[in-house]
Amino acid sequence: MNAWRVAVRTSVGVVRSSNQDAHWSNDSLVVVADGMGGHAAGEVASAIAVSTIAEAFAGDQSSEGLRRAVVLCNDRILKDAELNPERHGMGTTAVALGLVSAPDGLLPVIANLGDSRAYQIRDGAIRLITSDHSVAEEWFRQGRISAQEAAVHPRRHQLTRALGIAQTPDVDLFPMAVQPTDIILLCSDGLTNEVSETEIIDIVEAAESLEDAASELVSRAEANGGRDNITVALVEILGPMSQPLATSPAAVTSAATPPPRARTRRVTWRLGAALAALGAVLAGAVVVLGWYANSSYYLAADGAYVAVYRGQPHGLLWFAPTEIMTTDFLAAQLRPADLTALGNDIVEPSLAAAIHYAGYLHSAWLMSQFSTPSTPAG
Ligand code: MN
């Protein structure tokens with residue numbers, strides 16, 4: 001008997017002209033990939049991803065085998081782009097659900113890279129398993145913006161991790177605790193950007209069958225705008241599964257305290273230990289503060305030019321921001337809204353991201369000069 005049943009639906013959506021999503025499923029593996037890149041390269045990247053993961057996982061059905069299968073896609077996509085320069089820069093997300101061999105049966109494990117998602121649905125409740133590797137989502141995790149802001153943030157589509165981008169991709173693995181009748185949903189962001197989690201659960205609960213649920217989810221994404229390709233894979237767990245090992249509680253590290261001297265009264269020793277611990281905590285707080293104060297970069301104007309600063313805008317306690325470099329981009333050559341944003345400092349997670357974004361803002365301004373008729377110079 002199969003361990004699960006799968007229903008997959010995909011759609012080009014309402015706006016796009018081609019479907020760059022890809023999917024693959026059998027009785028031990030389900031994969032959804034969302035490709036990106038011009039000249040049909042996104043389709044190539046996602047197709048390489050699903051075929052590579054299927055082939056590699058068939059040869060090694062372990063957690064490590066699943067992780068390696070995803071890493072192997074990266075090598076193949078980079079190699080293909082090298083041989084076919086017109087596909088340079090192509091990439092893809094990948095979310096894969098594999099049944100790996102465990103001592104007492106089969107354990108479902110999710111591997112993820114990018115902003116496609118996996119959800120677990122049970123008894124009318126839905127739980128997101130994966131984390132999106134996007135700029136907005138990372139900012140949310142760092143506490144810089146709220147969940148509501150992240151959901152609509154203009155940089156939620158800008159991926160921090162994807163296949164085909166870096167030499168060694170960092171793949172997230174999630175062993176899952178499931179029971180029969182649970183449903184696992186794998187999907188591209190064409191579903192989650194159009195259909196809320198509440199709508200997803202309502203549709204799955206109301207559907208007559210797994211196939212109807214998958215079709216209905218895609219139709220709803222189309223009805224809500226369909227601005228991207230949509231792929232939905234629903235997996236219904238049929239039989240009992242192995243359970244992941246309980247994770248050991250996080251180790252509690254305590255501050256080192258000096259050994260009590262023989263003469264010291266017990267209460268005095270305790271006071272000394274408490275003070276030492278407090279001292280260690282305060283010293284740690286200073287280190288953390290210093291790290292936080294210098295952990296980010298931001299763009300602001302230095303005279304006529306856009307400059308990159310390191311630190312928190314306006315400083316933090318005695319940590320003042322320092323200017324790292326002045327770019328070649330004139331602050332006057334920015335779109336009005338970007339110039340306003342620059343006045344409020346544009347925070348970026350790294351120096352490379354800050355430089356990259358400065359370049360992007362300048363090219364966006366250049367393009368705006370082409371699209372709007374320019375007024376004669378006065
Ligand atoms: Mn997409």
# chains A, B, ... in the order shown; residues from 1 in each chain; ligands from 1
>>> residues_around(residues="region 323-331 of chain A", least_positions_apart="3", cutoff="8 Å", atoms="only C-alpha atoms", output="tab-separated table (two decimals) with N, CA, C and O atoms, in the first residue's frame")
chain	number	residue	atom	x	y	z
A	301	ALA	N	22.41	60.19	1.83
A	301	ALA	CA	23.13	61.12	0.95
A	301	ALA	C	24.34	61.69	1.69
A	301	ALA	O	24.26	62.01	2.88
A	302	ASP	N	25.47	61.75	0.98
A	302	ASP	CA	26.62	62.49	1.49
A	302	ASP	C	26.90	63.57	0.44
A	302	ASP	O	27.45	63.30	-0.61
A	304	ALA	N	26.22	65.52	-2.64
A	304	ALA	CA	25.41	65.28	-3.83
A	304	ALA	C	25.26	63.79	-4.14
A	304	ALA	O	24.43	63.41	-4.95
A	305	TYR	N	26.05	62.93	-3.47
A	305	TYR	CA	26.09	61.52	-3.86
A	305	TYR	C	25.44	60.60	-2.83
A	305	TYR	O	25.33	60.94	-1.65
A	306	VAL	N	25.05	59.42	-3.31
A	306	VAL	CA	24.52	58.39	-2.43
A	306	VAL	C	25.71	57.69	-1.78
A	306	VAL	O	26.65	57.29	-2.46
A	307	ALA	N	25.68	57.55	-0.46
A	307	ALA	CA	26.80	56.93	0.26
A	307	ALA	C	26.31	55.74	1.08
A	307	ALA	O	25.12	55.63	1.40
A	308	VAL	N	27.25	54.82	1.36
A	308	VAL	CA	26.93	53.65	2.17
A	308	VAL	C	27.53	53.86	3.57
A	308	VAL	O	28.72	54.16	3.70
A	309	TYR	N	26.69	53.72	4.58
A	309	TYR	CA	27.15	53.83	5.97
A	309	TYR	C	27.02	52.49	6.66
A	309	TYR	O	26.13	51.69	6.34
A	310	ARG	N	27.90	52.26	7.63
A	310	ARG	CA	27.78	51.06	8.45
A	310	ARG	C	27.34	51.47	9.84
A	310	ARG	O	27.87	52.40	10.41
A	334	LEU	N	17.55	60.19	-8.67
A	334	LEU	CA	16.72	59.15	-8.07
A	334	LEU	C	15.27	59.54	-8.32
A	334	LEU	O	14.96	60.73	-8.45
A	339	LEU	N	14.15	59.24	-3.41
A	339	LEU	CA	14.90	60.32	-2.78
A	339	LEU	C	14.36	60.56	-1.37
A	339	LEU	O	15.12	60.74	-0.42
A	355	ILE	N	25.25	48.31	-1.81
A	355	ILE	CA	25.80	48.78	-3.08
A	355	ILE	C	24.88	48.38	-4.24
A	355	ILE	O	24.57	49.17	-5.13
A	358	ALA	N	21.79	50.54	-4.30
A	358	ALA	CA	22.08	51.88	-4.81
A	358	ALA	C	22.08	51.85	-6.34
A	358	ALA	O	21.53	52.73	-7.00
A	359	GLY	N	22.70	50.81	-6.91
A	359	GLY	CA	22.74	50.65	-8.36
A	359	GLY	C	21.36	50.46	-8.94
A	359	GLY	O	21.00	51.01	-9.98
A	362	HIS	N	19.44	53.69	-9.03
A	362	HIS	CA	19.89	54.55	-10.13
A	362	HIS	C	19.32	54.06	-11.47
A	362	HIS	O	18.83	54.86	-12.27
>>> residues_around(residues="region 194-205 of chain A", least_positions_apart="4", cutoff="6 Å", atoms="only C-alpha atoms", output="list of chain:residue names")
A:Ala213, A:Ala221, A:Asn224
>>> closest_atom_pairs(of="chain A", to="ligand 1", cutoff="12 Å", atoms="only C-alpha atoms and all ligand atoms", output="CSV")
residue,atom,partner,partner_atom_place_in_ligand_line,distance
A:Thr10,CA,ligand 1,1 (Mn),11.7
A:Ser11,CA,ligand 1,1 (Mn),11.3
A:Val12,CA,ligand 1,1 (Mn),10.2
A:Gly13,CA,ligand 1,1 (Mn),10.3
A:Arg16,CA,ligand 1,1 (Mn),10.5
A:Ser18,CA,ligand 1,1 (Mn),11.6
A:Asn19,CA,ligand 1,1 (Mn),9.4
A:Gln20,CA,ligand 1,1 (Mn),8.0
A:Asp21,CA,ligand 1,1 (Mn),7.2
A:Ala22,CA,ligand 1,1 (Mn),10.7
A:Val32,CA,ligand 1,1 (Mn),10.8
A:Ala33,CA,ligand 1,1 (Mn),8.9
A:Asp34,CA,ligand 1,1 (Mn),5.4
A:Gly35,CA,ligand 1,1 (Mn),7.3
A:Met36,CA,ligand 1,1 (Mn),7.9
A:Gly37,CA,ligand 1,1 (Mn),11.3
A:Gly42,CA,ligand 1,1 (Mn),10.2
A:Glu43,CA,ligand 1,1 (Mn),11.5
A:Ser46,CA,ligand 1,1 (Mn),11.0
A:Gly91,CA,ligand 1,1 (Mn),11.5
A:Thr92,CA,ligand 1,1 (Mn),9.3
A:Thr93,CA,ligand 1,1 (Mn),8.7
A:Ala94,CA,ligand 1,1 (Mn),11.1
A:Gly114,CA,ligand 1,1 (Mn),10.1
A:Asp115,CA,ligand 1,1 (Mn),8.1
A:Ser116,CA,ligand 1,1 (Mn),7.6
A:Arg117,CA,ligand 1,1 (Mn),10.9
A:Arg156,CA,ligand 1,1 (Mn),11.3
A:His157,CA,ligand 1,1 (Mn),8.3
A:Gln158,CA,ligand 1,1 (Mn),10.9
A:Leu159,CA,ligand 1,1 (Mn),10.9
A:Cys187,CA,ligand 1,1 (Mn),9.4
A:Ser188,CA,ligand 1,1 (Mn),5.6
A:Asp189,CA,ligand 1,1 (Mn),4.8
A:Gly190,CA,ligand 1,1 (Mn),5.0
A:Leu191,CA,ligand 1,1 (Mn),8.4
A:Thr192,CA,ligand 1,1 (Mn),9.4
A:Asn193,CA,ligand 1,1 (Mn),8.8
A:Glu194,CA,ligand 1,1 (Mn),11.0
A:Gly226,CA,ligand 1,1 (Mn),10.6
A:Arg227,CA,ligand 1,1 (Mn),9.0
A:Asp228,CA,ligand 1,1 (Mn),5.6
A:Asn229,CA,ligand 1,1 (Mn),5.8
A:Ile230,CA,ligand 1,1 (Mn),7.2
A:Thr231,CA,ligand 1,1 (Mn),8.8
A:Val232,CA,ligand 1,1 (Mn),11.7
>>> residues_around(residues="Gly98 (chain A)", least_positions_apart="2", cutoff="12 Å", atoms="only C-alpha atoms", output="compact mmCIF listing (two decimals) with N, CA, C and O atoms, in the first residue's frame")
# COMPACT_ATOMS: atom_id res chain seq x y z
N ALA A 3 2.12 4.97 0.88
CA ALA A 3 2.11 5.72 2.13
C ALA A 3 1.29 6.99 2.01
O ALA A 3 0.84 7.55 2.99
N TRP A 4 1.12 7.45 0.76
CA TRP A 4 0.37 8.69 0.57
C TRP A 4 -0.32 8.71 -0.78
O TRP A 4 -0.10 7.87 -1.63
N TRP A 24 6.92 17.33 -9.74
CA TRP A 24 7.21 15.92 -9.96
C TRP A 24 6.72 15.16 -8.75
O TRP A 24 6.84 15.65 -7.63
N SER A 25 6.14 13.97 -8.94
CA SER A 25 5.74 13.19 -7.76
C SER A 25 5.71 11.71 -8.06
O SER A 25 5.44 11.29 -9.19
N ASN A 26 6.05 10.92 -7.05
CA ASN A 26 5.80 9.47 -7.09
C ASN A 26 5.46 9.00 -5.68
O ASN A 26 5.03 9.82 -4.85
N ASP A 27 5.64 7.72 -5.36
CA ASP A 27 5.18 7.26 -4.05
C ASP A 27 6.17 7.52 -2.91
O ASP A 27 5.93 7.12 -1.77
N SER A 28 7.29 8.20 -3.19
CA SER A 28 8.19 8.55 -2.10
C SER A 28 8.76 9.97 -2.21
O SER A 28 9.57 10.36 -1.38
N LEU A 29 8.32 10.72 -3.20
CA LEU A 29 8.88 12.06 -3.39
C LEU A 29 7.90 12.98 -4.11
O LEU A 29 7.26 12.57 -5.09
N VAL A 30 7.77 14.22 -3.61
CA VAL A 30 6.98 15.25 -4.29
C VAL A 30 7.84 16.50 -4.33
O VAL A 30 8.43 16.88 -3.31
N VAL A 31 7.94 17.14 -5.50
CA VAL A 31 8.78 18.33 -5.65
C VAL A 31 7.99 19.43 -6.36
O VAL A 31 7.27 19.15 -7.33
N VAL A 32 8.13 20.67 -5.88
CA VAL A 32 7.62 21.84 -6.59
C VAL A 32 8.78 22.81 -6.73
O VAL A 32 9.52 23.05 -5.77
N ILE A 53 16.42 16.19 -8.60
CA ILE A 53 16.06 15.73 -7.26
C ILE A 53 15.45 14.33 -7.35
O ILE A 53 15.77 13.44 -6.55
N ALA A 54 14.59 14.11 -8.35
CA ALA A 54 13.97 12.79 -8.50
C ALA A 54 15.02 11.71 -8.72
O ALA A 54 14.99 10.65 -8.07
N ALA A 56 18.38 11.81 -8.10
CA ALA A 56 19.34 11.65 -7.01
C ALA A 56 18.70 11.03 -5.77
O ALA A 56 19.31 10.18 -5.11
N PHE A 57 17.47 11.43 -5.45
CA PHE A 57 16.83 10.89 -4.26
C PHE A 57 16.51 9.41 -4.43
O PHE A 57 16.56 8.63 -3.47
N ALA A 58 16.20 8.99 -5.67
CA ALA A 58 15.94 7.57 -5.92
C ALA A 58 17.15 6.72 -5.56
O ALA A 58 17.03 5.56 -5.15
N ASP A 60 19.40 7.50 -3.13
CA ASP A 60 19.77 7.61 -1.72
C ASP A 60 18.59 8.20 -0.95
O ASP A 60 18.46 9.42 -0.82
N GLN A 61 17.71 7.32 -0.44
CA GLN A 61 16.48 7.81 0.21
C GLN A 61 16.72 8.04 1.70
O GLN A 61 16.09 7.41 2.55
N SER A 62 17.64 8.99 1.99
CA SER A 62 17.90 9.40 3.37
C SER A 62 17.75 10.91 3.44
O SER A 62 17.65 11.58 2.40
N SER A 63 17.74 11.47 4.66
CA SER A 63 17.67 12.93 4.81
C SER A 63 18.84 13.58 4.11
O SER A 63 18.69 14.57 3.38
N GLU A 64 20.02 13.02 4.34
CA GLU A 64 21.23 13.56 3.73
C GLU A 64 21.15 13.40 2.20
O GLU A 64 21.58 14.29 1.46
N GLY A 65 20.56 12.29 1.76
CA GLY A 65 20.38 12.07 0.32
C GLY A 65 19.48 13.13 -0.29
O GLY A 65 19.72 13.61 -1.41
N LEU A 66 18.43 13.53 0.45
CA LEU A 66 17.51 14.55 -0.04
C LEU A 66 18.22 15.90 -0.11
O LEU A 66 18.10 16.63 -1.10
N ARG A 67 19.00 16.20 0.94
CA ARG A 67 19.73 17.47 0.95
C ARG A 67 20.73 17.49 -0.21
O ARG A 67 20.82 18.49 -0.94
N ALA A 69 20.59 15.88 -2.97
CA ALA A 69 19.87 15.94 -4.26
C ALA A 69 19.59 17.40 -4.62
O ALA A 69 19.72 17.80 -5.78
N VAL A 70 19.22 18.21 -3.61
CA VAL A 70 18.93 19.62 -3.87
C VAL A 70 20.22 20.37 -4.21
O VAL A 70 20.25 21.21 -5.12
N VAL A 95 11.03 23.09 -3.29
CA VAL A 95 10.55 22.53 -2.03
C VAL A 95 10.21 21.07 -2.33
O VAL A 95 9.50 20.76 -3.28
N ALA A 96 10.81 20.17 -1.54
CA ALA A 96 10.67 18.73 -1.80
C ALA A 96 10.24 18.01 -0.54
O ALA A 96 10.73 18.32 0.56
N VAL A 100 11.95 9.26 3.84
CA VAL A 100 13.27 8.71 4.06
C VAL A 100 13.17 7.47 4.96
O VAL A 100 12.27 7.36 5.78
N SER A 101 14.11 6.56 4.77
CA SER A 101 14.09 5.32 5.54
C SER A 101 14.52 5.60 6.98
O SER A 101 15.55 6.21 7.21
N LEU A 106 9.00 4.80 7.64
CA LEU A 106 9.33 5.91 6.75
C LEU A 106 9.04 7.24 7.43
O LEU A 106 8.00 7.40 8.08
N LEU A 107 9.96 8.17 7.27
CA LEU A 107 9.82 9.49 7.90
C LEU A 107 9.72 10.55 6.80
O LEU A 107 10.59 10.63 5.94
N PRO A 108 8.64 11.39 6.83
CA PRO A 108 8.55 12.46 5.84
C PRO A 108 9.51 13.60 6.20
O PRO A 108 9.50 14.07 7.35
N VAL A 109 10.31 14.03 5.25
CA VAL A 109 11.25 15.13 5.47
C VAL A 109 11.07 16.16 4.35
O VAL A 109 10.94 15.78 3.18
N ILE A 110 11.02 17.42 4.73
CA ILE A 110 10.92 18.51 3.74
C ILE A 110 12.29 19.14 3.55
O ILE A 110 12.99 19.40 4.53
N ALA A 111 12.68 19.39 2.30
CA ALA A 111 13.88 20.17 2.00
C ALA A 111 13.41 21.43 1.28
O ALA A 111 12.53 21.37 0.43
N ASN A 112 13.99 22.57 1.65
CA ASN A 112 13.51 23.83 1.05
C ASN A 112 14.63 24.82 0.82
O ASN A 112 15.55 24.96 1.61
N LEU A 173 16.22 21.65 6.14
CA LEU A 173 15.58 20.34 6.24
C LEU A 173 14.61 20.33 7.42
O LEU A 173 14.96 20.82 8.49
N PHE A 174 13.40 19.80 7.21
CA PHE A 174 12.42 19.72 8.29
C PHE A 174 11.86 18.30 8.38
O PHE A 174 11.00 17.93 7.56
N PRO A 175 12.30 17.48 9.35
CA PRO A 175 11.66 16.18 9.58
C PRO A 175 10.26 16.45 10.14
O PRO A 175 10.09 17.36 10.95
N MET A 176 9.25 15.70 9.67
CA MET A 176 7.88 16.04 10.07
C MET A 176 7.21 14.96 10.90
O MET A 176 7.34 13.77 10.62
N ILE A 184 -0.33 17.45 3.49
CA ILE A 184 0.82 18.34 3.33
C ILE A 184 0.66 19.05 2.00
O ILE A 184 0.36 18.42 0.98
N LEU A 186 2.44 21.48 -0.77
CA LEU A 186 3.63 22.13 -1.33
C LEU A 186 3.13 23.09 -2.41
O LEU A 186 2.24 22.71 -3.19
N VAL A 235 -0.71 16.38 -0.59
CA VAL A 235 -0.29 15.02 -0.26
C VAL A 235 -1.08 14.56 0.96
O VAL A 235 -0.97 15.15 2.04
>>> closest_residue(among="A:Thr322, A:Ala352, A:Leu342, A:Ala277", to="Ala300 (chain A)", atoms="only C-alpha atoms")
A:Leu342
>>> select_by_dssp(residues="region 229-374 of chain A", states="alpha helix (DSSP H)", output="VMD selection string")
chain A and resid 266 to 293 336 to 343 351 to 371
>>> atom_distance(atom1="CA of Trp139 (chain A)", atom2="CA of Ala337 (chain A)")
21.2 Å
>>> atom_distance(atom1="CA of Asn74 (chain A)", atom2="CA of Leu163 (chain A)")
5.0 Å
>>> residues_around(residues="Leu361 (chain A)", least_positions_apart="5", cutoff="9 Å", atoms="only C-alpha atoms", output="number ranges by chain")
A: 333-335, 338, 356, 366
>>> select_by_dssp(residues="region 37-103 of chain A", states="strand (DSSP E)", output="number ranges by chain")
A: 91-92, 94-102
>>> residues_around(residues="Arg141 (chain A)", least_positions_apart="6", cutoff="10 Å", atoms="only C-alpha atoms", output="VMD selection string")
chain A and resid 131 135 147 150
>>> closest_residue(among="A:Ala233, A:Leu210, A:Ala293, A:Ile183", to="His314 (chain A)", atoms="only C-alpha atoms")
A:Ala293
>>> atom_distance(atom1="CA of Tyr297 (chain A)", atom2="CA of Leu113 (chain A)")
25.2 Å
>>> residues_around(residues="Gly38 (chain A)", least_positions_apart="4", cutoff="10 Å", atoms="only C-alpha atoms", output="ChimeraX atom specification")
/A:42-43,86-90
>>> closest_residue(among="A:Val347, A:Ala223, A:Ala320, A:Val287", to="Val15 (chain A)", atoms="only C-alpha atoms")
A:Ala223
>>> decode(residues="region 78-109 of chain A", atoms="C-alpha atoms", output="PDB file, in the first residue's frame")
ATOM      1  CA  LEU A  78      25.200  26.605 -12.811  1.00  0.00           C
ATOM      2  CA  LYS A  79      26.857  24.270 -15.321  1.00  0.00           C
ATOM      3  CA  ASP A  80      23.976  24.591 -17.794  1.00  0.00           C
ATOM      4  CA  ALA A  81      24.103  28.394 -17.513  1.00  0.00           C
ATOM      5  CA  GLU A  82      27.831  28.277 -18.187  1.00  0.00           C
ATOM      6  CA  LEU A  83      27.313  26.233 -21.381  1.00  0.00           C
ATOM      7  CA  ASN A  84      24.344  28.359 -22.487  1.00  0.00           C
ATOM      8  CA  PRO A  85      25.175  32.020 -21.850  1.00  0.00           C
ATOM      9  CA  GLU A  86      21.662  33.134 -22.808  1.00  0.00           C
ATOM     10  CA  ARG A  87      20.491  31.395 -19.637  1.00  0.00           C
ATOM     11  CA  HIS A  88      23.008  33.114 -17.413  1.00  0.00           C
ATOM     12  CA  GLY A  89      21.439  34.179 -14.117  1.00  0.00           C
ATOM     13  CA  MET A  90      18.611  31.640 -14.240  1.00  0.00           C
ATOM     14  CA  GLY A  91      17.551  30.203 -10.905  1.00  0.00           C
ATOM     15  CA  THR A  92      14.805  28.308  -9.183  1.00  0.00           C
ATOM     16  CA  THR A  93      13.275  27.618  -5.804  1.00  0.00           C
ATOM     17  CA  ALA A  94      12.729  24.024  -4.712  1.00  0.00           C
ATOM     18  CA  VAL A  95      10.545  22.532  -2.028  1.00  0.00           C
ATOM     19  CA  ALA A  96      10.666  18.732  -1.804  1.00  0.00           C
ATOM     20  CA  LEU A  97       8.879  16.226   0.421  1.00  0.00           C
ATOM     21  CA  GLY A  98      10.718  12.896   0.598  1.00  0.00           C
ATOM     22  CA  LEU A  99       9.966   9.707   2.498  1.00  0.00           C
ATOM     23  CA  VAL A 100      13.273   8.705   4.064  1.00  0.00           C
ATOM     24  CA  SER A 101      14.087   5.319   5.544  1.00  0.00           C
ATOM     25  CA  ALA A 102      14.020   5.276   9.370  1.00  0.00           C
ATOM     26  CA  PRO A 103      14.602   2.259  11.692  1.00  0.00           C
ATOM     27  CA  ASP A 104      10.847   1.941  12.389  1.00  0.00           C
ATOM     28  CA  GLY A 105       9.467   2.859   8.979  1.00  0.00           C
ATOM     29  CA  LEU A 106       9.333   5.907   6.749  1.00  0.00           C
ATOM     30  CA  LEU A 107       9.822   9.491   7.897  1.00  0.00           C
ATOM     31  CA  PRO A 108       8.555  12.459   5.836  1.00  0.00           C
ATOM     32  CA  VAL A 109      11.252  15.135   5.469  1.00  0.00           C
TER      33      VAL A 109
END
